[in-house]
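Raw coords.pdb, PDB, C-alpha atoms, pLDDT in the B column:
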```
ATOM      1  CA  MET A  28     -12.953   6.144  36.180  1.00 49.00           C
ATOM      2  CA  GLU A  29     -14.231   8.147  33.210  1.00 53.00           C
ATOM      3  CA  LYS A  30     -15.100  11.743  34.078  1.00 57.00           C
ATOM      4  CA  ARG A  31     -18.704  12.505  33.139  1.00 71.00           C
ATOM      5  CA  TYR A  32     -20.066  15.923  32.396  1.00 83.00           C
ATOM      6  CA  GLU A  33     -23.454  17.484  31.999  1.00 91.00           C
ATOM      7  CA  GLU A  34     -24.603  17.764  28.392  1.00 93.00           C
ATOM      8  CA  TYR A  35     -27.614  20.002  29.002  1.00 95.00           C
ATOM      9  CA  ALA A  36     -28.663  22.336  31.777  1.00 96.00           C
ATOM     10  CA  TYR A  37     -31.705  24.421  32.627  1.00 97.00           C
ATOM     11  CA  VAL A  38     -31.374  28.132  33.249  1.00 97.00           C
ATOM     12  CA  LEU A  39     -32.320  29.202  36.779  1.00 97.00           C
ATOM     13  CA  ASP A  40     -31.318  32.867  36.549  1.00 96.00           C
ATOM     14  CA  PHE A  41     -30.014  35.157  33.792  1.00 95.00           C
ATOM     15  CA  LEU A  42     -27.722  37.957  34.963  1.00 93.00           C
ATOM     16  CA  PRO A  43     -27.356  40.335  31.983  1.00 90.00           C
ATOM     17  CA  HIS A  44     -24.575  42.357  33.656  1.00 83.00           C
ATOM     18  CA  GLY A  45     -22.770  39.467  35.278  1.00 80.00           C
ATOM     19  CA  LYS A  46     -22.432  38.783  38.967  1.00 74.00           C
ATOM     20  CA  PRO A  47     -21.795  41.387  41.651  1.00 67.00           C
ATOM     21  CA  GLY A  48     -18.299  40.958  43.000  1.00 61.00           C
ATOM     22  CA  VAL A  49     -15.023  42.640  43.771  1.00 42.00           C
ATOM     23  CA  ARG A  50     -12.787  43.855  40.938  1.00 46.00           C
ATOM     24  CA  PRO A  51      -9.029  43.333  41.084  1.00 45.00           C
ATOM     25  CA  SER A  52      -8.783  47.064  41.936  1.00 44.00           C
ATOM     26  CA  GLY A  53     -10.678  46.306  45.144  1.00 44.00           C
ATOM     27  CA  ARG A  54     -13.785  48.270  44.119  1.00 46.00           C
ATOM     28  CA  ALA A  55     -17.167  46.585  43.967  1.00 45.00           C
ATOM     29  CA  GLY A  56     -18.353  45.751  40.465  1.00 45.00           C
ATOM     30  CA  TYR A  57     -19.663  43.040  38.183  1.00 47.00           C
ATOM     31  CA  ARG A  58     -17.936  40.126  36.504  1.00 52.00           C
ATOM     32  CA  ALA A  59     -17.910  41.108  32.839  1.00 64.00           C
ATOM     33  CA  GLY A  60     -20.560  39.727  30.516  1.00 80.00           C
ATOM     34  CA  ALA A  61     -23.947  38.144  30.872  1.00 89.00           C
ATOM     35  CA  LEU A  62     -24.034  34.904  32.794  1.00 92.00           C
ATOM     36  CA  ILE A  63     -26.480  32.228  33.797  1.00 95.00           C
ATOM     37  CA  GLN A  64     -26.865  30.101  36.860  1.00 95.00           C
ATOM     38  CA  CYS A  65     -28.164  26.715  35.811  1.00 96.00           C
ATOM     39  CA  VAL A  66     -28.636  23.110  36.912  1.00 96.00           C
ATOM     40  CA  GLY A  67     -27.614  20.069  34.857  1.00 95.00           C
ATOM     41  CA  GLU A  68     -30.268  17.617  33.771  1.00 94.00           C
ATOM     42  CA  GLU A  69     -28.348  14.394  34.445  1.00 93.00           C
ATOM     43  CA  PHE A  70     -26.481  14.915  37.736  1.00 93.00           C
ATOM     44  CA  PHE A  71     -28.228  18.131  38.909  1.00 94.00           C
ATOM     45  CA  THR A  72     -24.827  19.867  38.852  1.00 93.00           C
ATOM     46  CA  ALA A  73     -25.131  23.539  39.833  1.00 93.00           C
ATOM     47  CA  LEU A  74     -23.205  25.643  37.306  1.00 94.00           C
ATOM     48  CA  GLU A  75     -22.441  29.187  36.260  1.00 94.00           C
ATOM     49  CA  ALA A  76     -21.685  29.972  32.628  1.00 93.00           C
ATOM     50  CA  LEU A  77     -20.963  33.001  30.471  1.00 93.00           C
ATOM     51  CA  VAL A  78     -23.564  33.623  27.781  1.00 93.00           C
ATOM     52  CA  LYS A  79     -22.810  34.642  24.203  1.00 91.00           C
ATOM     53  CA  GLU A  80     -23.039  38.360  23.591  1.00 87.00           C
ATOM     54  CA  SER A  81     -26.479  39.895  22.913  1.00 86.00           C
ATOM     55  CA  LEU A  82     -28.235  36.643  23.819  1.00 90.00           C
ATOM     56  CA  ILE A  83     -31.039  36.759  26.384  1.00 92.00           C
ATOM     57  CA  LEU A  84     -32.045  33.591  28.211  1.00 94.00           C
ATOM     58  CA  LYS A  85     -34.899  33.072  30.616  1.00 95.00           C
ATOM     59  CA  PRO A  86     -35.463  30.702  33.546  1.00 95.00           C
ATOM     60  CA  GLY A  87     -36.461  27.246  32.358  1.00 95.00           C
ATOM     61  CA  ASP A  88     -34.567  27.473  29.039  1.00 96.00           C
ATOM     62  CA  ARG A  89     -32.619  24.296  28.226  1.00 96.00           C
ATOM     63  CA  VAL A  90     -29.083  25.015  27.018  1.00 95.00           C
ATOM     64  CA  TYR A  91     -26.240  22.824  25.768  1.00 94.00           C
ATOM     65  CA  VAL A  92     -23.293  22.906  28.185  1.00 94.00           C
ATOM     66  CA  GLY A  93     -21.396  19.870  26.870  1.00 91.00           C
ATOM     67  CA  LYS A  94     -17.880  19.715  25.429  1.00 88.00           C
ATOM     68  CA  ALA A  95     -18.793  20.278  21.750  1.00 87.00           C
ATOM     69  CA  SER A  96     -19.583  23.621  20.113  1.00 87.00           C
ATOM     70  CA  ARG A  97     -22.178  25.499  22.154  1.00 89.00           C
ATOM     71  CA  GLU A  98     -24.801  27.871  20.743  1.00 91.00           C
ATOM     72  CA  GLU A  99     -25.786  29.867  23.845  1.00 92.00           C
ATOM     73  CA  VAL A 100     -22.866  29.452  26.228  1.00 92.00           C
ATOM     74  CA  THR A 101     -19.291  30.623  25.571  1.00 91.00           C
ATOM     75  CA  TYR A 102     -17.642  29.364  28.733  1.00 88.00           C
ATOM     76  CA  ILE A 103     -18.520  27.263  31.774  1.00 91.00           C
ATOM     77  CA  ILE A 104     -17.198  29.235  34.749  1.00 91.00           C
ATOM     78  CA  GLY A 105     -17.616  26.220  36.996  1.00 90.00           C
ATOM     79  CA  ARG A 106     -19.650  24.517  39.662  1.00 91.00           C
ATOM     80  CA  VAL A 107     -21.334  26.574  42.336  1.00 92.00           C
ATOM     81  CA  SER A 108     -22.881  25.667  45.656  1.00 91.00           C
ATOM     82  CA  TYR A 109     -26.516  26.185  46.546  1.00 92.00           C
ATOM     83  CA  GLU A 110     -25.492  29.128  48.745  1.00 93.00           C
ATOM     84  CA  GLU A 111     -23.960  30.874  45.708  1.00 93.00           C
ATOM     85  CA  PHE A 112     -27.245  30.829  43.809  1.00 94.00           C
ATOM     86  CA  THR A 113     -29.106  34.130  43.537  1.00 94.00           C
ATOM     87  CA  ALA A 114     -32.471  34.425  45.282  1.00 95.00           C
ATOM     88  CA  ALA A 115     -34.145  34.147  41.864  1.00 96.00           C
ATOM     89  CA  ALA A 116     -32.194  30.961  41.036  1.00 96.00           C
ATOM     90  CA  LYS A 117     -33.137  29.401  44.391  1.00 96.00           C
ATOM     91  CA  ALA A 118     -36.801  30.280  43.778  1.00 97.00           C
ATOM     92  CA  GLU A 119     -36.726  28.697  40.295  1.00 97.00           C
ATOM     93  CA  LEU A 120     -34.834  25.555  41.357  1.00 97.00           C
ATOM     94  CA  PRO A 121     -37.775  23.394  42.625  1.00 97.00           C
ATOM     95  CA  THR A 122     -39.779  24.053  39.429  1.00 97.00           C
ATOM     96  CA  VAL A 123     -36.835  23.178  37.174  1.00 97.00           C
ATOM     97  CA  ILE A 124     -35.929  20.065  39.183  1.00 97.00           C
ATOM     98  CA  ASN A 125     -39.529  18.847  39.038  1.00 97.00           C
ATOM     99  CA  LYS A 126     -39.516  19.410  35.249  1.00 97.00           C
ATOM    100  CA  ILE A 127     -36.309  17.331  34.923  1.00 97.00           C
ATOM    101  CA  VAL A 128     -37.713  14.561  37.143  1.00 97.00           C
ATOM    102  CA  VAL A 129     -40.918  14.349  35.081  1.00 97.00           C
ATOM    103  CA  GLU A 130     -38.952  14.343  31.793  1.00 96.00           C
ATOM    104  CA  ARG A 131     -36.630  11.588  33.104  1.00 96.00           C
ATOM    105  CA  GLU A 132     -39.529   9.568  34.554  1.00 97.00           C
ATOM    106  CA  LYS A 133     -38.230   6.197  33.261  1.00 97.00           C
ATOM    107  CA  TRP A 134     -34.879   6.711  35.016  1.00 97.00           C
ATOM    108  CA  PHE A 135     -36.493   7.617  38.335  1.00 97.00           C
ATOM    109  CA  VAL A 136     -39.058   4.798  38.101  1.00 97.00           C
ATOM    110  CA  ASN A 137     -36.081   2.475  37.615  1.00 97.00           C
ATOM    111  CA  PHE A 138     -34.654   3.858  40.879  1.00 97.00           C
ATOM    112  CA  PHE A 139     -37.818   2.658  42.668  1.00 97.00           C
ATOM    113  CA  ASN A 140     -37.470  -0.717  40.915  1.00 97.00           C
ATOM    114  CA  THR A 141     -33.808  -1.230  41.855  1.00 97.00           C
ATOM    115  CA  ALA A 142     -33.050   0.748  45.054  1.00 96.00           C
ATOM    116  CA  ARG A 143     -31.208  -1.301  47.672  1.00 96.00           C
ATOM    117  CA  ALA A 144     -30.285  -1.054  51.336  1.00 94.00           C
ATOM    118  CA  ILE A 145     -27.518   1.445  52.116  1.00 92.00           C
ATOM    119  CA  THR A 146     -26.759   0.111  55.598  1.00 90.00           C
ATOM    120  CA  PRO A 147     -28.227  -2.837  57.518  1.00 90.00           C
ATOM    121  CA  ARG A 148     -30.747  -0.430  59.086  1.00 90.00           C
ATOM    122  CA  MET A 149     -31.435   1.982  56.218  1.00 91.00           C
ATOM    123  CA  HIS A 150     -32.787   1.527  52.711  1.00 95.00           C
ATOM    124  CA  ALA A 151     -32.171   4.027  49.887  1.00 96.00           C
ATOM    125  CA  LEU A 152     -35.953   4.420  49.520  1.00 96.00           C
ATOM    126  CA  GLU A 153     -36.145   5.787  53.082  1.00 95.00           C
ATOM    127  CA  LEU A 154     -33.929   8.710  52.073  1.00 95.00           C
ATOM    128  CA  VAL A 155     -36.729  10.018  49.868  1.00 96.00           C
ATOM    129  CA  PRO A 156     -38.856  12.443  51.962  1.00 95.00           C
ATOM    130  CA  GLY A 157     -42.232  10.944  52.788  1.00 94.00           C
ATOM    131  CA  ILE A 158     -41.078   7.329  52.502  1.00 96.00           C
ATOM    132  CA  GLY A 159     -40.838   5.575  55.829  1.00 94.00           C
ATOM    133  CA  LYS A 160     -40.788   1.855  56.600  1.00 94.00           C
ATOM    134  CA  LYS A 161     -44.466   1.396  55.596  1.00 95.00           C
ATOM    135  CA  TYR A 162     -44.083   2.848  52.086  1.00 96.00           C
ATOM    136  CA  MET A 163     -40.646   1.277  51.675  1.00 96.00           C
ATOM    137  CA  TRP A 164     -42.111  -2.208  52.228  1.00 96.00           C
ATOM    138  CA  GLN A 165     -45.076  -1.461  49.934  1.00 96.00           C
ATOM    139  CA  VAL A 166     -42.664  -0.459  47.153  1.00 97.00           C
ATOM    140  CA  ILE A 167     -40.397  -3.482  47.715  1.00 96.00           C
ATOM    141  CA  ASN A 168     -43.316  -5.946  47.855  1.00 96.00           C
ATOM    142  CA  GLU A 169     -45.022  -4.503  44.762  1.00 96.00           C
ATOM    143  CA  ARG A 170     -41.861  -4.366  42.657  1.00 97.00           C
ATOM    144  CA  THR A 171     -41.144  -8.057  43.348  1.00 97.00           C
ATOM    145  CA  ARG A 172     -44.549  -8.897  41.846  1.00 96.00           C
ATOM    146  CA  LYS A 173     -43.959  -6.730  38.783  1.00 97.00           C
ATOM    147  CA  PRO A 174     -41.577  -3.793  38.094  1.00 97.00           C
ATOM    148  CA  PHE A 175     -43.156  -0.343  38.086  1.00 97.00           C
ATOM    149  CA  GLU A 176     -43.723   1.159  34.647  1.00 97.00           C
ATOM    150  CA  SER A 177     -44.473   4.805  35.478  1.00 97.00           C
ATOM    151  CA  PHE A 178     -45.025   7.253  38.330  1.00 97.00           C
ATOM    152  CA  ASP A 179     -48.783   6.622  37.960  1.00 97.00           C
ATOM    153  CA  ASP A 180     -48.282   2.859  38.228  1.00 97.00           C
ATOM    154  CA  LEU A 181     -46.058   3.353  41.292  1.00 97.00           C
ATOM    155  CA  GLN A 182     -48.609   5.672  42.911  1.00 96.00           C
ATOM    156  CA  LYS A 183     -51.597   3.385  42.232  1.00 96.00           C
ATOM    157  CA  ARG A 184     -49.927   0.209  43.490  1.00 96.00           C
ATOM    158  CA  THR A 185     -48.264   1.660  46.610  1.00 96.00           C
ATOM    159  CA  GLU A 186     -50.489   4.680  47.430  1.00 93.00           C
ATOM    160  CA  LEU A 187     -47.267   6.725  47.552  1.00 94.00           C
ATOM    161  CA  PRO A 188     -48.259  10.392  47.178  1.00 92.00           C
ATOM    162  CA  SER A 189     -46.752  12.121  44.093  1.00 94.00           C
ATOM    163  CA  PRO A 190     -43.439  10.294  43.495  1.00 96.00           C
ATOM    164  CA  ALA A 191     -42.096  13.131  41.276  1.00 97.00           C
ATOM    165  CA  LYS A 192     -42.624  15.698  44.065  1.00 97.00           C
ATOM    166  CA  LEU A 193     -40.947  13.423  46.622  1.00 97.00           C
ATOM    167  CA  ILE A 194     -37.893  12.992  44.359  1.00 97.00           C
ATOM    168  CA  THR A 195     -37.808  16.757  43.758  1.00 97.00           C
ATOM    169  CA  LYS A 196     -37.709  17.306  47.538  1.00 95.00           C
ATOM    170  CA  ARG A 197     -34.847  14.801  47.860  1.00 95.00           C
ATOM    171  CA  VAL A 198     -32.824  16.494  45.104  1.00 95.00           C
ATOM    172  CA  MET A 199     -33.381  19.859  46.812  1.00 94.00           C
ATOM    173  CA  GLU A 200     -32.093  18.417  50.117  1.00 93.00           C
ATOM    174  CA  GLU A 201     -28.996  17.064  48.382  1.00 93.00           C
ATOM    175  CA  LEU A 202     -28.312  20.361  46.603  1.00 92.00           C
ATOM    176  CA  ASP A 203     -28.609  22.515  49.696  1.00 87.00           C
ATOM    177  CA  GLY A 204     -26.007  20.316  51.362  1.00 78.00           C
ATOM    178  CA  ASP A 205     -27.946  18.753  54.221  1.00 68.00           C
ATOM    179  CA  SER A 206     -27.524  15.136  53.086  1.00 76.00           C
ATOM    180  CA  LYS A 207     -25.008  12.549  54.213  1.00 82.00           C
ATOM    181  CA  TYR A 208     -26.000  10.252  51.319  1.00 86.00           C
ATOM    182  CA  ARG A 209     -26.477  11.270  47.697  1.00 86.00           C
ATOM    183  CA  LEU A 210     -28.960   9.390  45.550  1.00 90.00           C
ATOM    184  CA  PHE A 211     -29.393  11.744  42.613  1.00 92.00           C
ATOM    185  CA  THR A 212     -26.717  14.459  42.721  1.00 88.00           C
ATOM    186  CA  ARG A 213     -22.959  14.519  42.908  1.00 76.00           C
ATOM    187  CA  THR A 214     -20.915  16.507  45.375  1.00 65.00           C
ATOM    188  CA  GLN A 215     -20.187  20.096  44.437  1.00 54.00           C
TER     189      GLN A 215
END
```

Kindly return the structure encoded in the file as structure tokens.
Amino acid sequence: MEKRYEEYAYVLDFLPHGKPGVRPSGRAGYRAGALIQCVGEEFFTALEALVKESLILKPGDRVYVGKASREEVTYIIGRVSYEEFTAAAKAELPTVINKIVVEREKWFVNFFNTARAITPRMHALELVPGIGKKYMWQVINERTRKPFESFDDLQKRTELPSPAKLITKRVMEELDGDSKYRLFTRTQ
């Protein structure tokens, strides 16, 4: 299977002096250089990366983290878990995820158009917070008549409250590690 990487990520926190940690000498200190904590826009991968010298980034900035030459980032340190995020990064995460969901609306609408059962008793739609059996059947029945075209169309035809917010909640659940099934993120 081809390994797929994030191309772009959104900054959650900018740490101009690096991350507090323990130096090889055993004394407390900071990892050298400015770094960012960010989340990828395709798989919601939580990452840390070193930032080019004298560059200042702010939460919500979109940066290239792909394999080609990068303008803002010198080095991807690696994946991090939700627990490793700073308090500021955790506070910024729901806003950034919602922004990504809204910008990738077509992809997420397609999820509602194509989601299938995961087990004989559970449908993928039911994993989205706020969607129980009633809404699940409304979505399934409406999409068989005609595929959904947008979040607005989905909301009007099924009375589902704010699909983008519901997906954001689901992504947050997957990132903080409480989910057995992953719909939108990959394991850390």

Pick from A:Lys94, A:Lys46, A:Lys79, A:Arg197: nearest to A:Ala151, with all atoms listed in the file counted?
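Checking each of A:Lys94, A:Lys46, A:Lys79, A:Arg197 against A:Ala151, counting all atoms listed in the file, the winner is A:Arg197.
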
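For the residues A:Trp164, A:Lys85, A:Leu120, A:Ala61, ranking by smallest atom-to-atom distance to A:Thr101 using only C-alpha atoms places A:Ala61 first.
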
Nearest to A:Leu181 among A:Asp40, A:Glu130, A:Glu110, A:Glu169, with distances taken over only C-alpha atoms: which residue is it?
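The closest residue to A:Leu181 is A:Glu169.
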
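Picture a line from atom CA of A:Leu62 to atom CA of A:Gly45; it runs 5.3 Å.
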
Can you spell out as a list in words the set of residues that the PyMOL selection byres ((chain A and resi 134-144) around 7) selects in the structure I just provided?
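Output from the PyMOL selection byres ((chain A and resi 134-144) around 7), applied to this file: Arg131, Glu132, Lys133, Ile145, Thr146, Pro147, Met149, His150, Ala151, Leu152, Arg170, Pro174, Phe175, Glu176, Ser177 and Phe178 of chain A.
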
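Distances here use all atoms listed in the file; by that measure, the residue among A:Tyr102, A:Lys173, A:Lys160, A:Met199 closest to A:Ala118 is A:Met199.
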
List as JSON, numbers by chain the protein and nucleic acid residues near A:Ala116, meaning an atom at most 10 Å away when all atoms listed in the file are counted, but skip any in the same chain fewer than 5 places from it.
{"A": [38, 39, 40, 41, 63, 64, 65, 66, 86, 109, 111, 121, 123]}

Could you tell me which of A:Ala36, A:Leu193, A:Asp179, A:Arg184 comes closest to A:Ile167 if we count only C-alpha atoms?
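Looking at the shortest contact to A:Ile167, the residue is A:Arg184.
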
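Nearest residue to A:Leu74 among A:Leu210, A:Val100, A:Val107, A:Leu42 is A:Val107, counting only C-alpha atoms.
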
At what distance in Å, to one decimal, does atom CA of A:Phe211 lie from atom CA of A:Val198?
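Going from atom CA of A:Val198 over to atom CA of A:Phe211 covers 6.4 Å.
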
I'd like the contact shell of A:Val92 - 9 Å cut-off, only C-alpha atoms, skipping same-chain residues fewer than 4 positions apart - returned as an NGL selection string.
:A and (32-36 or 67 or 76 or 96-97 or 99-100 or 102-103)

Those selected residues, please, written with C-alpha atoms and delivered as a short mmCIF file (atom, residue, chain, number, x, y, z; two decimals), in the coordinates of the input.
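And here is the file that came out, again_17.cif:
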```cif
data_model
loop_
_atom_site.label_atom_id
_atom_site.label_comp_id
_atom_site.auth_asym_id
_atom_site.auth_seq_id
_atom_site.Cartn_x
_atom_site.Cartn_y
_atom_site.Cartn_z
CA TYR A 32 -20.07 15.92 32.40
CA GLU A 33 -23.45 17.48 32.00
CA GLU A 34 -24.60 17.76 28.39
CA TYR A 35 -27.61 20.00 29.00
CA ALA A 36 -28.66 22.34 31.78
CA GLY A 67 -27.61 20.07 34.86
CA ALA A 76 -21.68 29.97 32.63
CA SER A 96 -19.58 23.62 20.11
CA ARG A 97 -22.18 25.50 22.15
CA GLU A 99 -25.79 29.87 23.84
CA VAL A 100 -22.87 29.45 26.23
CA TYR A 102 -17.64 29.36 28.73
CA ILE A 103 -18.52 27.26 31.77
#
```

Interatomic distance between atom CA of A:Glu200 and atom CA of A:Pro188?
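So the two atoms, atom CA of A:Glu200 and atom CA of A:Pro188, lie 18.3 Å apart.
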
Fewer than 4 positions away in the same chain doesn't count, so skip those; otherwise give me all residues within 10 Å of A:Pro43, counting all atoms listed in the file, as a ChimeraX atom specification.
/A:59-63,77-78,80-84

Using only C-alpha atoms, which residues sit within 10 Å of A:Gly157 once same-chain residues fewer than 6 positions away are excluded, as a ChimeraX atom specification?
/A:163,187-190,192-194,196-197

Centre and edges of the stretch 74-91 of chain A box, axis-aligned, 5 Å extra per side, as JSON:
```
{"center_x": -28.7, "center_y": 31.4, "center_z": 30.1, "size_x": 25.5, "size_y": 27.1, "size_z": 24.4}
```
